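> The structure's right below; bear with me while I get my questions together.
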Amino acid sequence: MTRKTLLKRLAVLAGITTVSMAAHAAKTELTVYTAIEAEDLKKYAARFNEEHPDIKINWVRDSTGIVTAKLLAEKNNPQADVVWGLAATSLMLLKSEDMLQTYQPVGSEKLSPKFKDMSNNPVWTGMDAWMAAVCYNTVEAKKLGLPKPTSWADLTKPVYQDHIIMPNPNSSGTGFLDVSSWLQIFGEKEGWAYMDGLHQNINRYTHSGSKPCKLAAAGEIPIGISFAFRAAKSKKMGAPLDIVFPTEGLGWDMEATAIIKGTDKLAAAKTLVDWTASQKANEMYNEGYAVVAMPGIAKPVEYFPANAEALMINNDFEWSANNRRQILAEWQKRYDSKSDPK
Amino acid sequence: MSQSSLATADQPQITPSQNGRSKWLSQRSLDEWSLGGVLMIGVLALFICVVLPIYTLLSKSIENKAGDVIGLENFSHFFATPSLYSAINNSLLIAFLSTFIVTTLSFLTAYGISRTRIPFKGLFRTILVLPILAPSLLPAISLVYLFGNQGIIKELLMGESIYGPIGIVIGSCFWTFPHALMIMLTALANTDARLYESAEVLGASPMRTFFTVTLPAAKYGIISVAFVVFTLVITDFGVPKVIGGQFNVLATDIYKQVIGQQNFEMGATVSVILLLPAILTFMTDRWLQRRQSALLTSKAVPWSAPKRLWLDRTFFALMVLVSVVIVGIILMAVYASLVTFWPYNLNLSLNNYNFDLMDGGGWDSYWNSIQMATFTALIGTGFIFFQSYLVAKLKGFQLLKWCFHLFAILPLAVPGLVLGLAYIFFFNAPNNPLNGIYGTMTILVVCTISHFYTVCHLTATTALKQIDAEFESVSASLKVPQIKTFWRVTLPVCMPAVLDIASYLFVNAMTTVSAVVFLYSYHTSLASVAVLNMDDAGDIAPAAAMAVMIMMTCMIARLIHWFLGSVLLKHTQSWRQQ
């Protein structure tokens with residue numbers, strides 16, 4: 001339907017009914033870019049529309065890498081109005097390109113400082129945390145006689161040789177999250193030494209962060225380094241998985257929201273972002289994620305440990321962002337060049 | 001009929017003007033000038049839809065992140081990084097292996113179909129082009145189910161892993177094979193029986209006849225196939241991404257640079273390196289064209305295969321073998337789409353077809369895909385065939401034709417991922433007057449036609465090359481407008497190729513992912529992208545299910561193709577029967 005015919009119809013409707021059509025005529029459509037799981041999109045929009053029926057959300061969903069690349073490529077003529085549910089590290093990248101609108105949502109003072117852009121020029125607001133986890137296929141592990149690992153250090157034991165898959169940090173955000181967390185947990189030197197050991201046991205590196213867990217769920221590999229949300233989902237689908245949260249601590253990233261600079265629907269965009277930081281929104285995030293931005297409201301989520309938040313390392317996002325290029329180059333030099341087939 | 005008389009009315013029969021206008025102008029008839037104008041529009045269209053976007057992206061290869069020109073620094077960085085550099089060797093290895101296998105197999109099978117008397121030719125032909133009907137994720141999913149660690153016949157690999165060069169080569173051969181077969185069939189379709197009669201009369205052995213008559217006639221097709229397959233394989237990122245494991249190739253490096261690290265400059269640098277095979281293709285193609293002479297002269301007599309018992313049996317066995325492999329891979333995917341939870345719950349159900357509960361836009365995306373594919377097939381075929389005709393049959397305009405041919409070959413070299421990004425940079429620029437089409441169905445159609453331009457162009461050209469230029473000369477001397485000759489002679493003779501192009505475009509529009517993944521918007525989500533998204537989200541079985549839906553739709557399209565073909569060909573191809 002073109003806008004013209006829409007307007008015509010509205011005019012006719014307004015003519016024959018005395019009911020105020022103002023709300024409908026003013027219905028704003030927001031283009032929202034997201035990397036949220038598709039099955040959640042309808043729910044997210046519906047909950048928001050319960051309170052704000054006058055704003056319609058048009059989702060454009062893809063994986064984190066593609067959404068980020070798309071946003072950057074569209075930099076000179078942005079198509080999105082709002083980003084709702086993209087990795088905070090991606091939003092930091094967009095911020096450094098000066099693509100995001102400075103905005104602190106109403107009520108953001110209730111959110112934990114960890115989940116907020118604390119700079120003088122705040123642009124993004126965290127929603128929930130998404131953390132590393134190890135998927136362990138009990139059926140396949142039993143066949144191969146592999147004990148269940150409990151820590152990152154366990155994974156370097158020779159018994160696991162060729163039985164572990166992890167994402168390549170050069171193509172997957174989850175992979176980078178793992179690498180940067182090991183460097184933070186063990187320190188730079190020990191961190192690389194740890195990865196040298198781990199590399200001996202790696203069967204292969206994948207391009208996607210969810211793939212290692214998927215492969216573990218399908219029995220392609222006994223152990224996959226992935227993230228907790230995916231692990232819980234696979235387990236719910238019936239995969240014979242145990243989800244291991246290594247004791248040294250978990251690398252994590254958060255999903256966050258931001259307004260794209262230059263949107264011509266700023267008022268509606270602000271309304272949406274305000275809502276994404278509300279208690280109601282946080283309760284909604286909690287249906288899938290164990291750790292959310294607003295403290296004190298999270299209820300335990302199935303298959304997640306009760307102390308999930310305590311397991312998360314004190315992630316220094318600024319440090320990871322600033323050293324990203326150099327870390328990736330080093331990783332590539334050490335492991336990618338010998339990644340020819342065995 | 002009414003249309004051809006319309007065309008006549010549009011094209012008044014005017015001989016070169018005799019009055020005092022410049023000599024240069026008067027060398028051409030108005031007829032030629034107007035067709036030249038159409039060719040000019042074609043060149044411009046390709047320039048805007050192919051060359052400019054690619055230039056916009058590739059110019060980034062000599063820039064840094066801030067957009068300053070830094071010369072060849074990115075390239076020296078590329079060659080200084082061992083893991084990037086080794087990707088070149090890997091890419092070449094994969095591409096050479098796949099090219100060798102696919103060229104040999106497609107020649108043999110095309111020969112079996114067009115030059116032997118084996119039974120069930122129609123059936124074999126249908127089966128052999130099946131892979132083109134499926135998104136490339138489908139063979140990848142199948143290969144994992146067949147040869148992965150839980151695979152049902154993984155013993156066949158004798159301990160080798162499917163994740164790596166073996167998987168990439170099998171997957172690449174599977175999806176490039178129909179592309180090759182299409183060109184090869186066209187190359188072998190038209191032949192002159194008089195040549196075989198002469199060979200027989202002169203006492204040449206069958207072997208000698210094969211090497212002196214059959215092979216030279218198909219030479220152009222064989223070399224085209226080799227280059228097309230080589231370029232398709234070296235630029236494809238889908239198969240190596242899904243099943244490549246640790247085996248680094250150039251195309252996945254672009255993926256890593258662009259998607260993993262948002263490093264557009266390095267992605268552009270790798271893309272430039274990937275353009276080299278295309279330039280080689282173009283040069284070889286030019287070189288060959290000068291040597292290609294028309295095989296189907298106006299005096300040609302169609303040839304039909306004699307009965308050769310052993311040859312026919314051998315080819316029959318080969319056809320059965322290739323068909324079994326293809327059908328096996330496809331059936332595995334169909335089975336996978338019906339299994340509830342592989343490999344732990346093997347109950348069959350249709351749950352996986354309930355797309356509205358899944359990622360990727362649900363059933364809406366399926367209908368969008370059909371709409372997009374229909375537009376692509378209709379608009380694309382008309383444009384491509386008529387332009388190829390002008391390039392092949394119009395007199396003069398050498399420079400324009402040369403440009404056109406170069407632009408038409410270019411898309412083959414450009415990985416879809418690169419084309420998609422290039423379209424964002426070019427069409428979404430605020431100062432581009434065409435930026436209104438960004439985010440619409442139009443840009444998806446334009447991008448898809450551009451992406452698959454080359455094979456269609458080569459098919460059309462191969463078919464057109466085989467028609468003697470004498471037809472045009474005769475009609476010119478009879479003062480029949482060229483457009484009328486096109487409508488009365490060329491189009492009917494080439495009808496099989498035209499239908500092939502239309503269904504090739506339809507099917508590729510249904511299955512393509514790499515370019516459109518950057519270009520679809522809320523209102524234009526596509527089924528093929530949904531497959532990718534569902535697979536990414538871990539819903540492998542629904543992904544297989546959507547892939548099966550796409551494949552079935554393409555099969556229906558093929559049925560329509562076949563039906564149209566048998567009706568139209570009855571009218572237009574009866575001259576082939578003796």
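Residue numbers start at 1 in each chain; chains themselves are named A, B, ... in the order of the structure tokens; ligands are numbered from 1 in the order shown.
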Quick one: residues within 12 Å of Ala321 in chain A, only C-alpha atoms, excluding same-chain residues fewer than 4 positions away - as a ChimeraX atom specification?
/A:88-96,173,176-177,180,253,315-317,325-328 /B:261
> Taking N, CA and C atoms for each residue, export the selection above as a short mmCIF file (atom, residue, chain, number, x, y, z; two decimals), in the first residue's frame.

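And here is the file that came out, part_35.cif:
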```cif
data_model
loop_
_atom_site.label_atom_id
_atom_site.label_comp_id
_atom_site.auth_asym_id
_atom_site.auth_seq_id
_atom_site.Cartn_x
_atom_site.Cartn_y
_atom_site.Cartn_z
N ALA A 88 27.45 -4.75 22.70
CA ALA A 88 27.92 -3.43 23.12
C ALA A 88 29.24 -3.10 22.44
N THR A 89 30.10 -4.12 22.23
CA THR A 89 31.38 -3.85 21.57
C THR A 89 31.16 -3.32 20.16
N SER A 90 30.12 -3.82 19.48
CA SER A 90 29.80 -3.29 18.14
C SER A 90 29.36 -1.84 18.24
N LEU A 91 28.53 -1.56 19.26
CA LEU A 91 28.05 -0.18 19.41
C LEU A 91 29.21 0.76 19.75
N MET A 92 30.21 0.24 20.50
CA MET A 92 31.37 1.09 20.80
C MET A 92 32.11 1.44 19.52
N LEU A 93 32.15 0.45 18.62
CA LEU A 93 32.78 0.69 17.32
C LEU A 93 32.03 1.78 16.55
N LEU A 94 30.68 1.69 16.57
CA LEU A 94 29.87 2.70 15.88
C LEU A 94 30.05 4.06 16.55
N LYS A 95 30.21 4.03 17.86
CA LYS A 95 30.40 5.29 18.58
C LYS A 95 31.71 5.95 18.13
N SER A 96 32.76 5.13 17.97
CA SER A 96 34.03 5.71 17.56
C SER A 96 33.94 6.28 16.14
N GLY A 173 32.39 -12.71 17.08
CA GLY A 173 32.47 -11.90 18.28
C GLY A 173 32.63 -12.75 19.53
N PHE A 176 36.20 -13.70 19.94
CA PHE A 176 37.02 -12.62 20.47
C PHE A 176 36.77 -12.43 21.96
N LEU A 177 35.51 -12.59 22.35
CA LEU A 177 35.15 -12.48 23.76
C LEU A 177 35.93 -13.51 24.60
N SER A 180 39.76 -12.45 24.59
CA SER A 180 40.04 -11.27 25.43
C SER A 180 39.83 -11.59 26.90
N ASP A 253 29.75 -10.29 27.07
CA ASP A 253 29.46 -9.05 26.36
C ASP A 253 28.00 -8.76 26.66
N ASN A 315 34.92 -7.40 33.08
CA ASN A 315 35.39 -7.21 31.71
C ASN A 315 35.71 -5.75 31.43
N ASP A 316 36.96 -5.50 30.98
CA ASP A 316 37.38 -4.15 30.64
C ASP A 316 37.16 -3.93 29.15
N PHE A 317 35.95 -3.44 28.83
CA PHE A 317 35.59 -3.31 27.42
C PHE A 317 36.51 -2.35 26.69
N ARG A 325 42.63 -4.94 17.47
CA ARG A 325 43.37 -5.17 16.24
C ARG A 325 44.65 -5.96 16.51
N GLN A 326 45.36 -5.51 17.55
CA GLN A 326 46.65 -6.11 17.85
C GLN A 326 46.46 -7.55 18.36
N ILE A 327 45.41 -7.77 19.18
CA ILE A 327 45.14 -9.13 19.68
C ILE A 327 44.81 -10.06 18.52
N LEU A 328 43.97 -9.58 17.62
CA LEU A 328 43.57 -10.43 16.50
C LEU A 328 44.75 -10.75 15.60
N GLN B 261 35.68 -8.51 11.34
CA GLN B 261 36.46 -7.39 11.84
C GLN B 261 36.01 -6.04 11.30
#
```
> Kindly assemble as CSV a list of the chain B residues that lie within 8 Å of chain A, each paired with its nearest atom pair and their distance in Å to one decimal, using only C-alpha atoms, sorted first by chain and then by ascending residue number.

```
residue,atom,partner,partner_atom,distance
B:Thr81,CA,A:Lys333,CA,7.6
B:Pro82,CA,A:Ser337,CA,5.9
B:Ser83,CA,A:Ser337,CA,4.0
B:Leu84,CA,A:Ser337,CA,7.8
B:Ser86,CA,A:Ser337,CA,7.5
B:Gly148,CA,A:Glu220,CA,6.6
B:Asn149,CA,A:Glu220,CA,5.1
B:Gln150,CA,A:Glu220,CA,5.9
B:Gly164,CA,A:Pro341,CA,6.4
B:Pro165,CA,A:Pro341,CA,7.8
B:Lys241,CA,A:His207,CA,7.0
B:Gly245,CA,A:Arg204,CA,6.0
B:Gln246,CA,A:Ser339,CA,5.3
B:Phe247,CA,A:Asp340,CA,5.4
B:Asn248,CA,A:Asp340,CA,7.1
B:Tyr255,CA,A:Ser171,CA,7.3
B:Lys256,CA,A:Ser171,CA,4.6
B:Gln257,CA,A:Ser171,CA,7.4
B:Val258,CA,A:Ala69,CA,6.7
B:Ile259,CA,A:Gly65,CA,4.7
B:Gly260,CA,A:Ser171,CA,3.6
B:Gln261,CA,A:Asn170,CA,6.5
B:Gln262,CA,A:Ala69,CA,5.6
B:Phe341,CA,A:Gly238,CA,7.5
B:Trp342,CA,A:Ala218,CA,6.4
B:Pro343,CA,A:Ala218,CA,6.4
B:Tyr344,CA,A:Ala239,CA,7.3
B:Leu357,CA,A:Glu39,CA,6.3
B:Met358,CA,A:Glu39,CA,5.6
B:Asp359,CA,A:Ala38,CA,4.4
B:Gly360,CA,A:Ala38,CA,6.9
B:Leu421,CA,A:Ala73,CA,7.2
B:Ile424,CA,A:Ala73,CA,6.4
B:Phe425,CA,A:Ala73,CA,6.1
B:Asn428,CA,A:Asn77,CA,6.2
B:Ala429,CA,A:Asn77,CA,6.1
B:Pro430,CA,A:Asn77,CA,5.6
B:Phe518,CA,A:Lys70,CA,6.5
B:Ser521,CA,A:Val60,CA,6.1
B:Tyr522,CA,A:Val60,CA,5.4
B:Asn533,CA,A:Asp62,CA,7.0
B:Asp536,CA,A:Ser210,CA,7.2
B:Ala537,CA,A:Ser210,CA,7.2
B:Gly538,CA,A:Lys214,CA,6.0
```
> Among range 131-283 of chain A, which ones does DSSP assign to strand (DSSP E or B) (computed from the backbone)? Answer as a ChimeraX atom specification.
/A:131-137,164-167,202-206,223-227,241-244,250,252-260
> For the residues in the current selection, export N, CA and C atoms as a short mmCIF file (atom, residue, chain, number, x, y, z; two decimals), in the first residue's frame.

```
data_model
loop_
_atom_site.label_atom_id
_atom_site.label_comp_id
_atom_site.auth_asym_id
_atom_site.auth_seq_id
_atom_site.Cartn_x
_atom_site.Cartn_y
_atom_site.Cartn_z
N MET A 131 27.11 -14.60 28.07
CA MET A 131 28.40 -15.03 28.59
C MET A 131 28.87 -16.35 27.99
N ALA A 132 30.18 -16.54 28.10
CA ALA A 132 30.79 -17.76 27.56
C ALA A 132 30.32 -18.98 28.33
N ALA A 133 30.31 -20.12 27.65
CA ALA A 133 29.99 -21.39 28.30
C ALA A 133 30.56 -22.49 27.43
N VAL A 134 30.73 -23.65 28.04
CA VAL A 134 31.26 -24.78 27.29
C VAL A 134 30.16 -25.84 27.18
N CYS A 135 29.91 -26.28 25.95
CA CYS A 135 28.90 -27.32 25.74
C CYS A 135 29.60 -28.67 25.73
N TYR A 136 29.10 -29.57 26.55
CA TYR A 136 29.74 -30.87 26.71
C TYR A 136 28.70 -31.94 26.40
N ASN A 137 28.93 -32.69 25.32
CA ASN A 137 27.97 -33.71 24.90
C ASN A 137 28.24 -34.99 25.68
N ILE A 164 37.94 -30.58 20.75
CA ILE A 164 37.34 -29.29 21.12
C ILE A 164 37.20 -28.41 19.88
N ILE A 165 36.08 -27.72 19.80
CA ILE A 165 35.89 -26.74 18.74
C ILE A 165 35.61 -25.39 19.37
N MET A 166 36.24 -24.34 18.84
CA MET A 166 35.91 -23.00 19.33
C MET A 166 35.79 -22.05 18.13
N PRO A 167 35.12 -20.89 18.34
CA PRO A 167 35.00 -19.95 17.22
C PRO A 167 36.31 -19.20 16.96
N ILE A 202 42.52 -28.25 19.86
CA ILE A 202 41.42 -27.78 19.01
C ILE A 202 41.33 -28.62 17.74
N ASN A 203 40.13 -29.09 17.48
CA ASN A 203 39.88 -29.83 16.25
C ASN A 203 39.81 -28.86 15.08
N ARG A 204 39.02 -27.78 15.24
CA ARG A 204 38.99 -26.71 14.24
C ARG A 204 38.33 -25.48 14.83
N TYR A 205 38.56 -24.35 14.17
CA TYR A 205 37.94 -23.09 14.58
C TYR A 205 36.79 -22.80 13.62
N THR A 206 35.65 -22.39 14.14
CA THR A 206 34.50 -22.11 13.28
C THR A 206 34.36 -20.60 13.06
N ILE A 223 33.06 -31.47 22.64
CA ILE A 223 33.14 -30.22 23.42
C ILE A 223 33.18 -29.01 22.51
N GLY A 224 32.27 -28.06 22.74
CA GLY A 224 32.27 -26.83 21.96
C GLY A 224 32.30 -25.61 22.87
N ILE A 225 33.20 -24.69 22.59
CA ILE A 225 33.26 -23.45 23.38
C ILE A 225 32.32 -22.46 22.70
N SER A 226 31.30 -22.03 23.44
CA SER A 226 30.26 -21.20 22.83
C SER A 226 29.73 -20.25 23.88
N PHE A 227 28.43 -19.91 23.83
CA PHE A 227 27.88 -19.05 24.87
C PHE A 227 26.62 -19.65 25.49
N LEU A 241 23.27 -32.43 26.43
CA LEU A 241 24.36 -31.52 26.77
C LEU A 241 24.43 -31.28 28.26
N ASP A 242 25.67 -31.16 28.76
CA ASP A 242 25.90 -30.53 30.05
C ASP A 242 26.53 -29.19 29.75
N ILE A 243 26.05 -28.15 30.43
CA ILE A 243 26.63 -26.83 30.18
C ILE A 243 27.64 -26.54 31.28
N VAL A 244 28.89 -26.32 30.87
CA VAL A 244 29.96 -26.10 31.84
C VAL A 244 30.29 -24.61 31.89
N LEU A 250 33.98 -16.10 33.51
CA LEU A 250 33.44 -16.14 32.16
C LEU A 250 33.59 -14.80 31.47
N TRP A 252 32.30 -12.09 28.86
CA TRP A 252 30.92 -11.74 28.53
C TRP A 252 30.85 -10.47 27.72
N ASP A 253 29.75 -10.29 27.07
CA ASP A 253 29.46 -9.05 26.36
C ASP A 253 28.00 -8.76 26.66
N MET A 254 27.55 -7.56 26.37
CA MET A 254 26.13 -7.32 26.62
C MET A 254 25.43 -6.92 25.34
N GLU A 255 24.14 -7.18 25.32
CA GLU A 255 23.30 -6.64 24.26
C GLU A 255 22.89 -5.25 24.70
N ALA A 256 22.83 -4.34 23.76
CA ALA A 256 22.56 -2.96 24.14
C ALA A 256 21.73 -2.25 23.08
N THR A 257 21.25 -1.05 23.46
CA THR A 257 20.45 -0.25 22.53
C THR A 257 21.13 1.09 22.30
N ALA A 258 20.80 1.72 21.18
CA ALA A 258 21.31 3.06 20.89
C ALA A 258 20.45 3.67 19.79
N ILE A 259 20.51 4.99 19.71
CA ILE A 259 19.79 5.71 18.65
C ILE A 259 20.81 6.11 17.59
N ILE A 260 20.45 5.92 16.33
CA ILE A 260 21.35 6.30 15.24
C ILE A 260 21.28 7.82 15.04
#
```
> Would you mind telling me which residue in B:Val324, B:Ala502, B:Ala317, B:Gly238 lies nearest to Gly382 in chain B when using only C-alpha atoms?
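The answer is B:Ala502, which sits nearest to Gly382 in chain B.
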> Give the answer as one residue: which of B:Phe120, B:Phe264, B:Phe506, B:Phe385 has the shortest atom-to-atom distance to Thr56 in chain B, using only C-alpha atoms?
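Comparing B:Phe120, B:Phe264, B:Phe506, B:Phe385 against Thr56 in chain B, the winner is B:Phe264.
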> Within 9 Å of Met549 in chain B, counting only C-alpha atoms, which residues qualify if same-chain residues fewer than 5 places away don't, as a list in words?
Tyr353, Tyr366, Ala527, Ala544 and Cys554 of chain B
> Selected residues, C-alpha atoms, written as a tab-separated table (two decimals), in the first residue's frame, please.

```
chain	number	residue	atom	x	y	z
B	353	TYR	CA	8.16	-26.55	8.21
B	366	TYR	CA	9.09	-17.35	0.94
B	527	ALA	CA	13.68	-17.41	1.84
B	544	ALA	CA	16.98	-27.78	5.67
B	554	CYS	CA	12.50	-24.36	-8.36
```
> For Lys235 in chain A, which residue among A:Thr138, A:Ala87, A:Tyr194, A:Leu183 is the nearest when counting only C-alpha atoms?
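Ranking A:Thr138, A:Ala87, A:Tyr194, A:Leu183 by distance to Lys235 in chain A, first place goes to A:Thr138.
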> Identify, with DSSP run on backbone atoms, the residues in range 102-315 of chain B assigned to alpha helix (DSSP H), and express the list as an NGL selection string.
:B and (102-115 or 121-128 or 137-147 or 165-189 or 193-201 or 206-209 or 215-235 or 238-243 or 250-255 or 264-291 or 309-315)
> Between CA of Leu185 in chain B and CA of Thr314 in chain B, measure the distance and give it in Å to one decimal.
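If I compute the distance from CA of Leu185 in chain B to CA of Thr314 in chain B, I get 19.0 Å.
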> Just the residues within 10 Å of range 298-300 of chain A, please, counting only C-alpha atoms, with nothing from its chain fewer than 6 positions along; format it as a ChimeraX atom specification.
/A:282-292,306-308
> So how far away is CA of Phe177 in chain B from CA of Met283 in chain B, in Å?
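Those two atoms sit 23.5 Å apart.
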> So how many Å separate CA of Ala189 in chain B and CA of Pro206 in chain B, to one decimal?
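For CA of Ala189 in chain B relative to CA of Pro206 in chain B, the distance reads 18.9 Å.
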> Leaving out range 270-274 of chain A and any residue of its chain fewer than 5 positions from it, which residues lie within 9 Å of it when counting only C-alpha atoms, given as an NGL selection string?
:A and (48 or 52 or 55 or 82 or 84 or 103-108 or 125 or 257-259 or 265)
> For the selection you just gave me, I'd like the residues written to a file as a PDB file, in the first residue's frame, keeping C-alpha atoms.

```pdb
ATOM      1  CA  PHE A  48       6.526  -2.622  23.656  1.00  0.00           C
ATOM      2  CA  HIS A  52       3.064   2.346  22.915  1.00  0.00           C
ATOM      3  CA  ILE A  55       4.948   3.214  17.247  1.00  0.00           C
ATOM      4  CA  VAL A  82      17.357   2.568  16.452  1.00  0.00           C
ATOM      5  CA  TRP A  84      17.970  -2.650  19.825  1.00  0.00           C
ATOM      6  CA  TYR A 103      21.138   9.912  24.793  1.00  0.00           C
ATOM      7  CA  GLN A 104      20.599   8.590  28.284  1.00  0.00           C
ATOM      8  CA  PRO A 105      17.191   6.940  28.581  1.00  0.00           C
ATOM      9  CA  VAL A 106      14.760   8.089  31.256  1.00  0.00           C
ATOM     10  CA  GLY A 107      15.142   5.791  34.240  1.00  0.00           C
ATOM     11  CA  SER A 108      18.641   4.654  33.333  1.00  0.00           C
ATOM     12  CA  THR A 125      22.465   1.387  27.165  1.00  0.00           C
ATOM     13  CA  THR A 257      20.448  -0.247  22.534  1.00  0.00           C
ATOM     14  CA  ALA A 258      21.307   3.060  20.885  1.00  0.00           C
ATOM     15  CA  ILE A 259      19.787   5.707  18.645  1.00  0.00           C
ATOM     16  CA  LYS A 265      12.103  10.198  14.156  1.00  0.00           C
TER      17      LYS A 265
END
```
> Looking at A:Asn322, A:Gly296, A:Ala281, A:Ile185, which one is nearest to Arg47 in chain A, with distances taken over only C-alpha atoms?
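Ranking A:Asn322, A:Gly296, A:Ala281, A:Ile185 by distance to Arg47 in chain A, first place goes to A:Ala281.
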